[in-house]
>>> print(open('model-v7.txt').read())   # compact mmCIF, C-alpha atoms and all ligand atoms
# COMPACT_ATOMS: atom_id res chain seq x y z
CA MET R 1 126.63 131.56 107.77
CA SER R 2 125.39 133.32 104.61
CA SER R 3 122.81 136.13 104.47
CA GLU R 4 120.32 133.62 103.08
CA THR R 5 120.39 131.49 106.19
CA GLU R 6 119.57 132.00 109.85
CA ILE R 7 120.13 130.09 113.09
CA VAL R 8 117.12 128.51 114.76
CA LYS R 9 116.90 126.57 118.01
CA GLU R 10 114.82 123.41 118.10
CA GLY R 11 114.96 121.00 121.01
CA LEU R 12 118.55 121.08 122.24
CA VAL R 13 120.20 121.92 118.93
CA LYS R 14 120.97 125.16 117.11
CA ILE R 15 120.83 124.77 113.37
CA GLU R 16 121.56 126.91 110.38
CA VAL R 17 118.54 126.79 108.06
CA PRO R 18 117.45 128.72 104.95
CA ARG R 19 115.48 131.86 105.74
CA VAL R 20 111.83 130.85 105.54
CA GLU R 21 110.98 133.66 103.06
CA ARG R 22 113.22 131.97 100.48
CA LEU R 23 111.08 128.82 100.52
CA ARG R 24 108.15 130.84 99.22
CA GLY R 25 109.95 131.82 96.01
CA PRO R 26 108.65 129.83 93.03
CA GLY R 27 111.04 127.38 91.39
CA ARG R 28 113.78 127.70 93.98
CA LYS R 29 112.58 125.26 96.57
CA SER R 30 114.36 122.22 95.15
CA HIS R 31 117.78 123.92 95.29
CA VAL R 32 117.36 125.27 98.79
CA PRO R 33 117.84 122.91 101.75
CA PHE R 34 114.43 122.18 103.13
CA PHE R 35 113.46 123.14 106.66
CA ASN R 36 109.84 123.27 107.70
CA PRO R 37 109.31 124.49 111.29
CA LEU R 38 105.80 122.97 111.12
CA MET R 39 107.35 119.48 110.88
CA ARG R 40 108.79 119.88 114.36
CA THR R 41 106.33 117.31 115.77
CA ASN R 42 107.74 114.75 113.33
CA ARG R 43 111.25 115.41 114.66
CA ASP R 44 110.08 115.44 118.31
CA VAL R 45 108.55 112.00 117.73
CA SER R 46 111.78 110.70 116.14
CA VAL R 47 113.68 111.87 119.22
CA PHE R 48 111.38 110.17 121.74
CA VAL R 49 111.28 106.94 119.69
CA ALA R 50 115.11 106.85 119.73
CA LEU R 51 115.15 107.73 123.45
CA THR R 52 112.75 104.90 124.25
CA THR R 53 114.10 102.15 122.01
CA LEU R 54 117.84 102.60 121.34
CA SER R 55 120.89 101.97 123.49
CA ASP R 56 124.65 102.63 123.49
CA GLY R 57 126.38 101.77 120.23
CA ASP R 58 123.20 101.65 118.11
CA THR R 59 123.34 103.11 114.62
CA VAL R 60 120.90 105.62 113.14
CA LEU R 61 120.44 106.76 109.54
CA ASP R 62 118.64 110.03 108.85
CA GLY R 63 118.41 109.15 105.16
CA LEU R 64 116.90 112.37 103.75
CA ALA R 65 118.39 114.80 106.21
CA ALA R 66 118.09 118.23 104.42
CA THR R 67 119.54 120.51 107.17
CA GLY R 68 120.27 117.57 109.49
CA ALA R 69 117.74 118.82 112.05
CA SER R 70 116.16 115.47 112.87
CA GLY R 71 119.31 113.33 112.97
CA LEU R 72 121.22 115.96 114.96
CA ARG R 73 118.44 116.15 117.52
CA THR R 74 118.40 112.35 117.79
CA ALA R 75 122.17 112.34 118.31
CA LEU R 76 122.20 115.08 120.94
CA GLU R 77 118.91 114.61 122.80
CA THR R 78 119.28 110.92 123.62
CA GLU R 79 121.38 109.90 126.61
CA ASP R 80 122.93 106.95 124.80
CA GLU R 81 126.01 107.19 122.64
CA LEU R 82 124.53 106.57 119.18
CA ALA R 83 126.36 106.65 115.83
CA VAL R 84 124.23 108.84 113.56
CA THR R 85 124.67 109.16 109.79
CA LEU R 86 123.04 112.20 108.17
CA ASN R 87 122.59 111.76 104.44
CA ASP R 88 121.30 113.97 101.65
CA LYS R 89 122.11 113.71 97.95
CA ASN R 90 121.94 117.49 97.50
CA PRO R 91 125.53 118.85 97.87
CA THR R 92 124.21 122.14 99.31
CA CYS R 93 122.46 120.13 102.01
CA HIS R 94 125.63 118.13 102.62
CA ASP R 95 127.66 121.29 103.27
CA LEU R 96 124.96 122.75 105.51
CA ILE R 97 124.71 119.50 107.50
CA ALA R 98 128.50 119.47 107.95
CA ARG R 99 128.35 123.04 109.36
CA ASN R 100 125.45 122.08 111.64
CA ILE R 101 127.36 119.07 112.98
CA GLU R 102 130.31 121.31 113.75
CA ARG R 103 128.16 124.06 115.26
CA ASN R 104 126.68 121.53 117.71
CA GLN R 105 129.96 119.68 118.28
CA ALA R 106 128.11 116.48 117.48
CA THR R 107 131.09 114.14 117.47
CA ASN R 108 128.81 111.08 117.13
CA CYS R 109 127.43 112.32 113.76
CA SER R 110 128.82 111.87 110.25
CA VAL R 111 127.53 113.23 106.94
CA THR R 112 127.23 111.53 103.54
CA CYS R 113 126.06 112.82 100.16
CA GLU R 114 124.64 109.74 98.44
CA ASP R 115 121.49 108.55 96.82
CA LEU R 116 119.55 107.03 99.73
CA ASN R 117 118.84 103.78 97.91
CA SER R 118 122.52 103.07 97.31
CA LEU R 119 123.26 103.75 100.98
CA LEU R 120 120.43 101.41 101.99
CA SER R 121 121.64 98.64 99.70
CA ASP R 122 125.02 98.42 101.50
CA GLY R 123 124.42 99.59 105.07
CA ARG R 124 122.62 98.18 108.11
CA PHE R 125 121.16 100.47 110.79
CA ASP R 126 119.21 100.07 114.02
CA LEU R 127 116.98 102.99 113.10
CA VAL R 128 116.30 104.11 109.53
CA ASP R 129 114.43 107.40 109.13
CA VAL R 130 112.92 108.21 105.73
CA ASP R 131 111.26 111.62 105.48
CA PRO R 132 110.75 112.46 101.79
CA PHE R 133 108.80 115.03 99.82
CA GLY R 134 105.58 113.21 98.85
CA THR R 135 105.43 109.44 98.65
CA PRO R 136 108.08 107.27 100.35
CA ILE R 137 107.49 104.21 98.14
CA ARG R 138 110.81 104.31 96.28
CA PHE R 139 112.66 104.01 99.60
CA VAL R 140 110.45 101.55 101.52
CA GLU R 141 111.99 98.27 100.30
CA GLY R 142 115.50 99.58 100.92
CA ALA R 143 114.54 100.89 104.36
CA VAL R 144 113.10 97.60 105.64
CA ARG R 145 116.01 95.64 104.17
CA ALA R 146 118.58 97.94 105.78
CA THR R 147 116.93 97.82 109.22
CA THR R 148 118.55 95.31 111.60
CA ASP R 149 116.54 92.49 113.20
CA GLY R 150 114.56 94.21 115.97
CA GLY R 151 115.50 97.65 114.60
CA ILE R 152 113.14 100.44 113.64
CA ALA R 153 111.99 101.88 110.32
CA ALA R 154 110.35 105.32 110.55
CA ILE R 155 108.67 106.35 107.30
CA THR R 156 106.79 109.56 106.47
CA ALA R 157 104.30 110.06 103.61
CA THR R 158 103.00 113.48 102.61
CA ASP R 159 100.91 112.24 99.66
CA THR R 160 97.91 112.09 101.99
CA ALA R 161 95.41 113.13 99.31
CA VAL R 162 96.38 110.04 97.29
CA LEU R 163 96.22 107.72 100.31
CA CYS R 164 92.89 109.22 101.39
CA GLY R 165 91.26 108.48 98.05
CA SER R 166 91.26 111.83 96.23
CA ARG R 167 93.29 110.20 93.48
CA MET R 168 92.15 106.59 93.44
CA LYS R 169 94.25 105.44 90.46
CA ALA R 170 97.45 106.97 91.84
CA CYS R 171 96.91 105.07 95.12
CA ILE R 172 96.36 101.78 93.27
CA ARG R 173 99.49 102.41 91.16
CA ARG R 174 101.74 103.49 94.04
CA TYR R 175 100.54 101.41 96.96
CA GLY R 176 98.76 98.52 95.17
CA SER R 177 95.72 99.32 97.30
CA ARG R 178 92.24 100.73 96.73
CA PRO R 179 91.54 103.79 98.91
CA ARG R 180 88.08 105.03 99.89
CA ARG R 181 87.01 108.63 100.39
CA THR R 182 85.06 108.46 103.67
CA GLU R 183 84.78 110.47 106.90
CA TYR R 184 87.44 108.13 108.31
CA CYS R 185 89.68 108.16 105.18
CA HIS R 186 92.74 109.34 107.16
CA GLU R 187 92.71 106.12 109.16
CA LEU R 188 92.24 104.09 105.97
CA GLY R 189 95.10 106.01 104.29
CA LEU R 190 97.44 105.41 107.22
CA ARG R 191 96.49 101.71 107.17
CA ILE R 192 97.25 101.57 103.42
CA LEU R 193 100.73 102.99 104.09
CA VAL R 194 101.41 100.49 106.92
CA GLY R 195 100.02 97.66 104.78
CA TYR R 196 102.40 98.64 101.97
CA ILE R 197 105.39 98.57 104.38
CA ALA R 198 104.23 95.16 105.66
CA ARG R 199 104.08 93.69 102.15
CA ALA R 200 107.47 95.20 101.24
CA ALA R 201 109.04 93.62 104.36
CA ALA R 202 107.42 90.25 103.67
CA ARG R 203 109.10 90.13 100.23
CA PHE R 204 112.42 89.90 102.11
CA ASP R 205 111.23 87.37 104.72
CA LYS R 206 110.76 90.08 107.30
CA GLY R 207 107.79 90.99 109.46
CA ILE R 208 106.78 94.29 111.05
CA GLU R 209 105.34 95.29 114.43
CA PRO R 210 103.85 98.79 114.43
CA LEU R 211 104.95 100.90 117.40
CA LEU R 212 103.45 104.27 116.55
CA CYS R 213 101.69 105.08 113.29
CA PHE R 214 99.83 108.37 113.13
CA SER R 215 98.37 111.18 111.07
CA THR R 216 98.95 114.82 111.91
CA ASP R 217 99.08 118.15 110.06
CA HIS R 218 99.57 117.17 106.40
CA TYR R 219 101.43 113.89 106.73
CA PHE R 220 101.34 110.26 107.85
CA ARG R 221 104.16 108.62 109.76
CA ALA R 222 104.66 104.87 110.27
CA ILE R 223 107.17 103.78 112.91
CA VAL R 224 107.54 100.01 112.96
CA ARG R 225 109.87 97.42 114.43
CA VAL R 226 111.31 95.09 111.78
CA ARG R 227 111.72 91.39 112.58
CA LYS R 228 113.67 88.89 110.52
CA GLY R 229 112.21 85.50 109.54
CA ALA R 230 109.78 83.87 107.09
CA ARG R 231 107.32 83.04 109.89
CA LYS R 232 107.39 86.66 111.10
CA ALA R 233 106.63 87.70 107.50
CA ASP R 234 103.75 85.21 107.23
CA ARG R 235 102.24 86.41 110.51
CA THR R 236 102.57 90.00 109.35
CA LEU R 237 100.66 89.25 106.15
CA GLU R 238 97.88 87.65 108.21
CA ARG R 239 97.33 91.07 109.77
CA LEU R 240 96.26 92.61 106.44
CA GLY R 241 92.63 92.96 105.46
CA HIS R 242 90.02 95.06 103.69
CA LEU R 243 87.33 97.57 104.58
CA HIS R 244 83.75 96.27 104.69
CA MET R 245 80.94 98.79 105.02
CA LYS R 246 77.15 98.76 104.99
CA GLY R 247 75.34 101.95 105.90
CA LEU R 248 77.05 103.25 109.02
CA GLU R 249 78.44 99.80 109.91
CA ARG R 250 82.15 99.39 109.18
CA GLY R 251 84.85 96.86 109.88
CA LEU R 252 88.11 95.32 108.67
CA LEU R 253 87.98 91.71 107.49
CA PRO R 254 90.36 89.39 105.58
CA GLU R 255 88.09 89.06 102.52
CA THR R 256 88.31 91.53 99.63
CA GLY R 257 86.08 94.54 100.31
CA ALA R 258 85.46 98.21 99.55
CA ALA R 259 89.07 99.34 100.21
CA GLY R 260 92.43 97.65 100.66
CA PRO R 261 94.50 95.67 101.09
CA LEU R 262 95.45 97.58 104.23
CA TRP R 263 96.83 97.03 107.73
CA ALA R 264 93.85 95.62 109.65
CA ASP R 265 95.41 95.28 113.11
CA ALA R 266 96.67 97.65 115.82
CA PHE R 267 98.96 100.48 114.71
CA LEU R 268 99.62 101.87 118.21
CA ASP R 269 101.63 99.71 120.64
CA ALA R 270 100.18 100.39 124.11
CA ALA R 271 103.21 99.02 126.01
CA PHE R 272 105.63 101.10 123.94
CA LEU R 273 103.53 104.26 124.37
CA GLU R 274 103.30 103.73 128.14
CA SER R 275 107.09 103.43 128.36
CA VAL R 276 107.70 106.80 126.64
CA LYS R 277 109.04 109.54 128.93
CA LEU R 278 108.99 112.92 127.24
CA PRO R 279 111.82 115.38 127.94
CA SER R 280 110.51 118.36 129.94
CA TYR R 281 111.31 120.87 127.16
CA PHE R 282 109.06 119.10 124.62
CA PRO R 283 106.08 121.15 123.33
CA HIS R 284 102.61 120.69 124.80
CA LYS R 285 101.35 119.50 121.39
CA VAL R 286 103.44 116.33 121.67
CA SER R 287 102.25 115.47 125.18
CA LYS R 288 98.63 116.00 124.07
CA LEU R 289 99.18 113.69 121.09
CA LEU R 290 100.87 111.07 123.28
CA GLU R 291 97.89 111.18 125.65
CA LEU R 292 95.48 110.62 122.72
CA TRP R 293 97.59 107.81 121.24
CA ARG R 294 97.70 106.04 124.62
CA GLU R 295 93.91 106.30 124.90
CA GLU R 296 93.36 105.20 121.31
CA ALA R 297 95.71 102.19 121.61
CA SER R 298 93.01 100.27 123.48
CA SER R 299 90.31 100.95 120.86
CA PRO R 300 88.94 98.87 118.02
CA PRO R 301 89.73 99.98 114.44
CA LEU R 302 87.95 102.80 112.59
CA PHE R 303 85.85 105.61 114.04
CA TYR R 304 82.58 107.51 113.74
CA THR R 305 82.25 111.28 113.58
CA THR R 306 79.59 112.90 115.72
CA GLY R 307 78.23 114.49 112.52
CA GLU R 308 77.60 111.22 110.72
CA VAL R 309 75.93 109.51 113.69
CA ALA R 310 73.77 112.62 114.13
CA ARG R 311 72.70 112.41 110.49
CA GLY R 312 71.96 108.72 111.00
CA PHE R 313 69.99 108.90 114.24
CA VAL R 314 69.32 112.33 115.74
CA SER R 315 69.13 115.92 114.56
CA GLU R 316 71.97 117.56 116.54
CA PRO R 317 75.54 116.15 116.71
CA PRO R 318 76.07 114.88 120.28
CA ALA R 319 78.87 116.30 122.42
CA LEU R 320 81.86 113.98 122.14
CA ASP R 321 82.28 113.50 125.90
CA ARG R 322 78.59 112.70 126.29
CA ILE R 323 78.52 109.95 123.66
CA ILE R 324 81.80 108.43 124.91
CA GLY R 325 80.53 108.52 128.52
CA ALA R 326 77.16 106.98 127.57
CA LEU R 327 78.82 104.16 125.60
CA ARG R 328 81.17 103.40 128.52
CA ASP R 329 78.23 103.41 130.95
CA GLU R 330 76.71 100.61 128.86
CA GLY R 331 79.95 98.61 129.10
CA PHE R 332 81.33 99.37 125.62
CA VAL R 333 84.88 100.42 124.82
CA ALA R 334 84.77 104.07 123.68
CA THR R 335 87.65 106.53 123.19
CA ARG R 336 88.63 109.67 121.35
CA THR R 337 90.91 109.38 118.33
CA HIS R 338 93.89 111.47 117.25
CA PHE R 339 92.58 111.50 113.65
CA ARG R 340 89.76 113.97 114.31
CA PRO R 341 88.62 116.04 117.29
CA ASP R 342 84.95 115.33 116.48
CA ALA R 343 85.21 111.52 116.32
CA PHE R 344 85.11 108.47 118.60
CA LYS R 345 86.07 104.82 118.42
CA THR R 346 83.92 102.11 119.92
CA ASN R 347 83.21 98.39 119.82
CA ALA R 348 79.47 99.12 120.01
CA ASP R 349 77.43 98.10 116.96
CA VAL R 350 75.56 100.80 115.06
CA GLU R 351 72.19 99.76 116.52
CA SER R 352 73.51 100.25 120.07
CA ILE R 353 75.04 103.63 119.15
CA GLY R 354 71.62 104.71 117.79
CA ARG R 355 69.76 103.49 120.88
CA ILE R 356 72.20 105.27 123.22
CA LEU R 357 71.96 108.50 121.20
CA ARG R 358 68.16 108.52 121.36
CA THR R 359 68.01 108.09 125.15
C1 LIG O 1 111.47 116.61 103.04
S1 LIG O 1 113.20 116.86 102.98
C2 LIG O 1 113.76 116.20 104.52
C3 LIG O 1 113.41 117.03 105.72
C4 LIG O 1 114.13 116.66 107.00
N1 LIG O 1 113.96 115.25 107.32
C5 LIG O 1 113.71 117.55 108.16
O1 LIG O 1 113.17 117.04 109.19
O2 LIG O 1 113.88 118.77 108.09
C6 LIG O 1 113.73 115.66 101.81
C7 LIG O 1 115.22 115.69 101.47
O3 LIG O 1 115.53 114.51 100.70
C8 LIG O 1 116.59 114.79 99.80
N2 LIG O 1 116.54 113.73 98.76
C9 LIG O 1 115.57 113.54 97.83
N3 LIG O 1 115.82 112.41 97.13
C10 LIG O 1 116.94 111.85 97.66
C11 LIG O 1 117.66 110.65 97.40
N4 LIG O 1 117.28 109.82 96.44
N5 LIG O 1 118.74 110.37 98.15
C12 LIG O 1 119.15 111.22 99.14
N6 LIG O 1 118.52 112.39 99.42
C13 LIG O 1 117.40 112.69 98.71
C14 LIG O 1 116.29 116.19 99.32
O4 LIG O 1 117.48 116.82 98.86
C15 LIG O 1 115.70 116.85 100.60
O5 LIG O 1 116.68 117.58 101.28
>>> encode(input="model-v7.txt", output="structure tokens")
Amino acid sequence: MSSETEIVKEGLVKIEVPRVERLRGPGRKSHVPFFNPLMRTNRDVSVFVALTTLSDGDTVLDGLAATGASGLRTALETEDELAVTLNDKNPTCHDLIARNIERNQATNCSVTCEDLNSLLSDGRFDLVDVDPFGTPIRFVEGAVRATTDGGIAAITATDTAVLCGSRMKACIRRYGSRPRRTEYCHELGLRILVGYIARAAARFDKGIEPLLCFSTDHYFRAIVRVRKGARKADRTLERLGHLHMKGLERGLLPETGAAGPLWADAFLDAAFLESVKLPSYFPHKVSKLLELWREEASSPPLFYTTGEVARGFVSEPPALDRIIGALRDEGFVATRTHFRPDAFKTNADVESIGRILRT
């Protein structure tokens, strides 16, 4: 270990990472292997997805591995004997990953130092993890092509401002989709990312089934099962749509609208989420998120913030629990959402929401 690195423990692995102070230095970040402790949730999720979906002999590619933290954790925290490839084109990362594999005696891990797209053009994997700086678009086609039939593609995007509509033209250029800056723009942005993955898969006669797509901290993450076949691709494309809005009313419909094309169907798989068993050492943040995702999986698309319904109907924003309880009492579906702590999802129409708020 050099004086510019330190050992940190995350999950069940001990990894050598650059000292955090170094990341703050201007102009040096690109040469220093990247490790962001704040992205731990992302890695925790990768581990429980592998735990829940993979079995002995399955292959995993951590395509942009940096220090190897995520792939190493997947290799060592799942009970099954997986074959995990950790790849990074930066030679400094490659050497660091090799040391981290040795440090953890991870005999089921190997390290490569290739451009991810060339690795994806030759290889086939049961789980492909793509966790880039910024937009993932240059890796999406390769990732869905390299994922086996029934395998999983897990794709992160940190260009959330673009997907949320702060830079409309960049979103149209990158994702071929019109964003919309609204109170619920994080859900629209996530749906644009999933819609992009769906269209990329369809180009190769593949369909997708979202397992867990979410927004947290400063990134979006789409974890989808990939299915081979032209009919699977056609059915996937039928699940795309556009945003339609009028006043407070909002919905996702097939016809061209105010934003899209975007994923217009469920992005949380209730059965998958129910089957997840978190290891006892996982942080509380992950169990709280899992609880919210499970609740949200039964909800209709899009949400309302308490602030916007207050502006529309009453003077004070209602307490979240009160509005959700009142909607349920009237027989509507109503849940919290992981996108915002001050928002709710419901199948009630705007008129009913207004009536319930005034009583
Ligand atoms: C955001 S970091 C990955 C962080 C890591 N997944 C984690 O959880 O700590 C992105 C990494 O991708 C690598 N990279 C960027 N472009 C690449 C490419 N075309 N092929 C392979 N690696 C690439 C960079 O060297 C960098 O280490």
>>> closest_atom_pairs(input="model-v7.txt", of="chain R", to="ligand LIG 1 (chain O)", cutoff="7 Å", atoms="only C-alpha atoms and all ligand atoms", output="tab-separated table")
residue	atom	partner	partner_atom	distance
R:Pro33	CA	O:LIG1	O5	5.5
R:Phe34	CA	O:LIG1	O5	5.4
R:Phe35	CA	O:LIG1	O2	4.6
R:Asn36	CA	O:LIG1	O2	6.1
R:Met39	CA	O:LIG1	O1	6.5
R:Arg43	CA	O:LIG1	O1	6.0
R:Gly63	CA	O:LIG1	C12	6.4
R:Leu64	CA	O:LIG1	O3	4.0
R:Ala65	CA	O:LIG1	N1	4.6
R:Ala66	CA	O:LIG1	O5	3.5
R:Thr67	CA	O:LIG1	O2	6.0
R:Gly68	CA	O:LIG1	O2	6.7
R:Ala69	CA	O:LIG1	O2	5.5
R:Ser70	CA	O:LIG1	O1	5.0
R:Asn87	CA	O:LIG1	C12	6.3
R:Asp88	CA	O:LIG1	N6	3.9
R:Lys89	CA	O:LIG1	C12	4.0
R:Asn90	CA	O:LIG1	O4	4.7
R:Cys93	CA	O:LIG1	O5	6.4
R:Glu114	CA	O:LIG1	C12	5.7
R:Asp115	CA	O:LIG1	N5	3.6
R:Leu116	CA	O:LIG1	N5	3.8
R:Asn117	CA	O:LIG1	N4	6.4
R:Asp131	CA	O:LIG1	N1	4.9
R:Pro132	CA	O:LIG1	C6	4.4
R:Phe133	CA	O:LIG1	C1	4.5
>>> residues_around(input="model-v7.txt", residues="region 293-307 of chain R", least_positions_apart="5", cutoff="9 Å", atoms="all atoms listed in the file", output="number ranges by chain")
R: 183-184, 187-188, 212, 214, 248, 250-252, 264-270, 273-274, 288, 312, 316-320, 323, 333-347
>>> residues_around(input="model-v7.txt", residues="Ala161 (chain R)", least_positions_apart="3", cutoff="10 Å", atoms="all atoms listed in the file", output="PDB file with C-alpha atoms, in the frame of the given file")
ATOM      1  CA  THR R 158     103.000 113.480 102.610  1.00  0.00           C
ATOM      2  CA  CYS R 164      92.890 109.220 101.390  1.00  0.00           C
ATOM      3  CA  GLY R 165      91.260 108.480  98.050  1.00  0.00           C
ATOM      4  CA  SER R 166      91.260 111.830  96.230  1.00  0.00           C
ATOM      5  CA  ARG R 167      93.290 110.200  93.480  1.00  0.00           C
ATOM      6  CA  MET R 168      92.150 106.590  93.440  1.00  0.00           C
ATOM      7  CA  ALA R 170      97.450 106.970  91.840  1.00  0.00           C
ATOM      8  CA  CYS R 171      96.910 105.070  95.120  1.00  0.00           C
ATOM      9  CA  ARG R 181      87.010 108.630 100.390  1.00  0.00           C
ATOM     10  CA  CYS R 185      89.680 108.160 105.180  1.00  0.00           C
ATOM     11  CA  HIS R 186      92.740 109.340 107.160  1.00  0.00           C
ATOM     12  CA  GLY R 189      95.100 106.010 104.290  1.00  0.00           C
ATOM     13  CA  HIS R 218      99.570 117.170 106.400  1.00  0.00           C
ATOM     14  CA  TYR R 219     101.430 113.890 106.730  1.00  0.00           C
TER      15      TYR R 219
END
>>> closest_residue(input="model-v7.txt", among="R:Val226, R:Ala200, R:Leu96, R:Leu211", to="Val32 (chain R)", atoms="all atoms listed in the file")
R:Leu96
>>> residues_around(input="model-v7.txt", residues="Leu193 (chain R)", least_positions_apart="2", cutoff="12 Å", atoms="all atoms listed in the file", output="VMD selection string")
chain R and resid 135 to 137 140 154 to 160 162 to 164 171 to 172 174 to 179 186 to 191 195 to 200 210 213 to 215 219 to 224 240 260 to 264 267
>>> atom_distance(input="model-v7.txt", atom1="CA of Leu38 (chain R)", atom2="CA of Asn100 (chain R)")
19.7 Å
>>> atom_distance(input="model-v7.txt", atom1="CA of Asp205 (chain R)", atom2="CA of Thr59 (chain R)")
22.2 Å
>>> residues_around(input="model-v7.txt", residues="region 3-18 of chain R", least_positions_apart="5", cutoff="12 Å", atoms="only C-alpha atoms", output="VMD selection string")
chain R and resid 23 to 24 28 to 29 31 to 41 43 to 48 66 to 78 92 to 93 95 to 106 278 to 283
>>> write_last_selection(input="model-v7.txt", atoms="C-alpha atoms", output="short mmCIF file (atom, residue, chain, number, x, y, z; two decimals), in the coordinates of the input")
data_model
loop_
_atom_site.label_atom_id
_atom_site.label_comp_id
_atom_site.auth_asym_id
_atom_site.auth_seq_id
_atom_site.Cartn_x
_atom_site.Cartn_y
_atom_site.Cartn_z
CA LEU R 23 111.08 128.82 100.52
CA ARG R 24 108.15 130.84 99.22
CA ARG R 28 113.78 127.70 93.98
CA LYS R 29 112.58 125.26 96.57
CA HIS R 31 117.78 123.92 95.29
CA VAL R 32 117.36 125.27 98.79
CA PRO R 33 117.84 122.91 101.75
CA PHE R 34 114.43 122.18 103.13
CA PHE R 35 113.46 123.14 106.66
CA ASN R 36 109.84 123.27 107.70
CA PRO R 37 109.31 124.49 111.29
CA LEU R 38 105.80 122.97 111.12
CA MET R 39 107.35 119.48 110.88
CA ARG R 40 108.79 119.88 114.36
CA THR R 41 106.33 117.31 115.77
CA ARG R 43 111.25 115.41 114.66
CA ASP R 44 110.08 115.44 118.31
CA VAL R 45 108.55 112.00 117.73
CA SER R 46 111.78 110.70 116.14
CA VAL R 47 113.68 111.87 119.22
CA PHE R 48 111.38 110.17 121.74
CA ALA R 66 118.09 118.23 104.42
CA THR R 67 119.54 120.51 107.17
CA GLY R 68 120.27 117.57 109.49
CA ALA R 69 117.74 118.82 112.05
CA SER R 70 116.16 115.47 112.87
CA GLY R 71 119.31 113.33 112.97
CA LEU R 72 121.22 115.96 114.96
CA ARG R 73 118.44 116.15 117.52
CA THR R 74 118.40 112.35 117.79
CA ALA R 75 122.17 112.34 118.31
CA LEU R 76 122.20 115.08 120.94
CA GLU R 77 118.91 114.61 122.80
CA THR R 78 119.28 110.92 123.62
CA THR R 92 124.21 122.14 99.31
CA CYS R 93 122.46 120.13 102.01
CA ASP R 95 127.66 121.29 103.27
CA LEU R 96 124.96 122.75 105.51
CA ILE R 97 124.71 119.50 107.50
CA ALA R 98 128.50 119.47 107.95
CA ARG R 99 128.35 123.04 109.36
CA ASN R 100 125.45 122.08 111.64
CA ILE R 101 127.36 119.07 112.98
CA GLU R 102 130.31 121.31 113.75
CA ARG R 103 128.16 124.06 115.26
CA ASN R 104 126.68 121.53 117.71
CA GLN R 105 129.96 119.68 118.28
CA ALA R 106 128.11 116.48 117.48
CA LEU R 278 108.99 112.92 127.24
CA PRO R 279 111.82 115.38 127.94
CA SER R 280 110.51 118.36 129.94
CA TYR R 281 111.31 120.87 127.16
CA PHE R 282 109.06 119.10 124.62
CA PRO R 283 106.08 121.15 123.33
#
>>> closest_residue(input="model-v7.txt", among="R:Ile152, R:Val144, R:Ala202, R:Ala50", to="Arg235 (chain R)", atoms="all atoms listed in the file")
R:Ala202
>>> atom_distance(input="model-v7.txt", atom1="CA of Arg138 (chain R)", atom2="CA of Asp122 (chain R)")
16.2 Å
>>> closest_residue(input="model-v7.txt", among="R:Glu255, R:Glu141, R:Asp56, R:Asp321", to="Asn108 (chain R)", atoms="all atoms listed in the file")
R:Asp56
>>> residues_near_point(input="model-v7.txt", point="(70.4, 105.6, 128.6)", cutoff="10 Å", atoms="only C-alpha atoms", output="ChimeraX atom specification")
/R:326-327,329-330,355-359
>>> closest_residue(input="model-v7.txt", among="R:Leu292, R:Ala146, R:Leu253, R:Val309", to="Ala201 (chain R)", atoms="all atoms listed in the file")
R:Ala146
